[in-house]
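Trainee: What follows is a single structure, and I will ask about it in a moment.
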Amino acid sequence: MSKDLLQPPISVIMPAYCEENFVGRQINAVRESLESNKIEHEIIVVDDGSEDHTAEEALSTGVRLLRHPENKGYGAALKTGILAAENDLIVIIDADGTYPADVIPELVEMLGTADMVVGARTGENVHDPWLRQPPKWFLRKLATWISGQSIPDLNSGLRAFRRECVMQYFPVLPNRFSFTSTVTLAYMADEYKVIYHPINYYPRVGSSKIVPWHFMDFLILIIRMSMMFNPLKVFMPLALLSGGLGVLKAIYDMIALFFRSPSQGWELLLQPVLSTSAVLLLFVGLQLMMIGMVADGVVRRIAQHNRPSVPTHGSWEIESEINLQIEEQDLIEQ
């Protein structure tokens with residue numbers, strides 16, 4: 001059987017908000033890439049309350065258009081498109097021309113042995129404004145530390161996944177720009193296989209929808225996701241910081257006692273040693289540690305009764321490799 005016949009159809013979701021200058025060219029680029037690789041597909045453009053001619057430009061290309069009467073957010077547009085998709089394999093891509101459409105067939109092919117394939121913006125031609133690089137680096141490092149896995153690109157807008165799997169997380173996926181960051185951490189927390197494929201990232205056409213204060217939204221999101229899946233990653237560092245400061249302050253108080261006390265005998269035992277600040281820091285550290293342990297126990301208990309209902313494709317790959325090795329060994333023995 002040929003590879004073309006084995007390739008299932010896909011649905012490409014393209015959220016768009018005031019992208020009249022490039023949405024048509026991006027649609028044509030996606031269509032050309034998929035048709036040249038003989039991949040059956042549908043393209044869904046979700047107009048998220050645009051105030052320009054984005055909807056008209058999209059309709060002129062003959063795609064399926066969904067419209068929000070008002071701007072609800074990037075995540076809300078993706079949810080609308082995913083719910084309306086006719087195929088199980090989903091690819092999302094922005095309408096501003098920053099992501100290369102020609103790599104979509106590669107992402108879809110790699111999805112055969114993964115649960116999500118992310119186009120990581122680490123290719124040879126990556127145009128990323130320098131003002132965004134420090135906060136993105138910090139958020140990526142924080143997410144890597146919380147998840148315990150390497151994350152080359154936390155919030156890439158070009159990725160492929162399965163509709164059934166991602167819909168499990170709709171109740172916790174936000175309606176704004178943090179949709180992609182949340183789904184990445186959620187997949188990793190539930191041990192789904194997420195792989196990254198290097199891609200280029202081109203200068204966008206028009207003005208960016210990301211504003212500086214979105215950094216705080218992303219930061220709060222990562223901490224919230226940690227509280228949902230791995231609360232000890234938040235509470236233990238705070239507990240150690242508070243407890244460590246308390247210990248240092250207690251040592252300082254004990255040393256200071258010898259210098260301020262007129263006598264060096266048994267009378268020292270009757271002198272107040274620890275200051276109020278040292279006691280408070282020690283108790284706060286203990287309380288944070290206990291709260292983190294209780295939260296971690298609750299999260300693990302809930303996880304035991306609410307495991308993801310969709311099996312991972314990563315384990316299927318391992319099983320297929322084991323079966324292949326067994327078959328090869330049988331042939332050698334014969």
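Starting from 1 in every chain, residues are counted up; chains themselves are A, B, ... following the order of the structure tokens, and ligands are numbered from 1 as listed.
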Determine, counting only C-alpha atoms, which protein, DNA and RNA residues have an atom within 8 Å of an atom of range 50-56 of chain A; residues of the same chain fewer than 3 positions away are not included. Present the result as JSON, numbers by chain.
Mentor: {"A": [16, 17, 18, 19, 20, 21, 23, 47, 59, 60, 65, 67, 70, 71]}
Trainee: The selected residues should be written to file as a JSON list (two decimals), in the first residue's frame (atoms: C-alpha atoms).
Mentor:
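Saved as result04.json:
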[["chain", "number", "residue", "atom", "x", "y", "z"],
["A", 16, "ALA", "CA", -7.14, 35.24, 12.32],
["A", 17, "TYR", "CA", -7.68, 38.67, 13.81],
["A", 18, "CYS", "CA", -7.24, 41.69, 11.54],
["A", 19, "GLU", "CA", -4.93, 39.86, 9.12],
["A", 20, "GLU", "CA", -6.37, 41.04, 5.80],
["A", 21, "ASN", "CA", -2.92, 41.71, 4.34],
["A", 23, "VAL", "CA", -4.39, 35.67, 5.36],
["A", 47, "ASP", "CA", -12.18, 35.11, 12.13],
["A", 59, "LEU", "CA", -13.65, 33.59, 1.73],
["A", 60, "SER", "CA", -12.15, 34.57, -1.61],
["A", 65, "LEU", "CA", -14.87, 30.32, 7.42],
["A", 67, "ARG", "CA", -16.67, 33.98, 12.59],
["A", 70, "GLU", "CA", -16.51, 39.90, 18.76],
["A", 71, "ASN", "CA", -12.89, 39.30, 19.66]]
Trainee: Range 79-94 of chain A: which residues within 9 Å, counting only C-alpha atoms, same-chain residues fewer than 6 positions away excluded, as a ChimeraX atom specification?
Mentor: /A:8-16,23,26,41-46,66,68,100-101,104,107-108,111,157-164,166-167,170,173,175
Trainee: Between A:Met254, A:Ile199, A:Met290, A:Val273, single out the one closest to Asp153 in chain A, counting only C-alpha atoms.
Mentor: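 The answer is A:Ile199, which sits nearest to Asp153 in chain A.
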Trainee: Mind checking which residues fall within 10 Å of Val172 in chain A, counting only C-alpha atoms, ignoring those fewer than 6 positions away in the same chain, and posting them as a ChimeraX atom specification?
Mentor: /A:179,182-183,186,225,228
Trainee: Could you dump the residues just selected with C-alpha atoms as a compact mmCIF listing (two decimals), in the first residue's frame?
Mentor:
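Once everything was written out, this is part.txt:
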# COMPACT_ATOMS: atom_id res chain seq x y z
CA PHE A 179 -3.53 28.34 24.89
CA THR A 182 -1.02 25.48 28.57
CA VAL A 183 -1.57 22.57 26.23
CA ALA A 186 -0.72 19.69 30.18
CA MET A 225 -0.19 24.91 35.70
CA MET A 228 -2.43 21.89 39.02
Trainee: With only C-alpha atoms as the atoms that count, which of A:Pro105, A:Pro203, A:Gly297, A:Gly246 lies nearest to Leu282 in chain A?
Mentor: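 Answer, going by the shortest atom-to-atom distance: A:Gly246.
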Trainee: So, counting only C-alpha atoms, which residue among A:Leu232, A:Ala29, A:Val247, A:Met110 is closest to Met289 in chain A?
Mentor: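 Result for the nearest residue to Met289 in chain A: A:Leu232.
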Trainee: Give the answer as one residue: which of A:Val126, A:Met188, A:Leu274, A:Val117 has the shortest atom-to-atom distance to Gly148 in chain A, using only C-alpha atoms?
Mentor: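 Nearest to Gly148 in chain A: A:Met188.
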Trainee: Under the rule that only C-alpha atoms are counted, which of A:Gly244, A:Gly62, A:Gly123, A:Gly24 is the nearest residue to Val279 in chain A?
Mentor: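 Nearest to Val279 in chain A: A:Gly244.
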Trainee: Quote the spacing between CA of Asp96 in chain A and CA of Tyr201 in chain A in Å to one decimal place.
Mentor: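 Those two atoms sit 11.1 Å apart.
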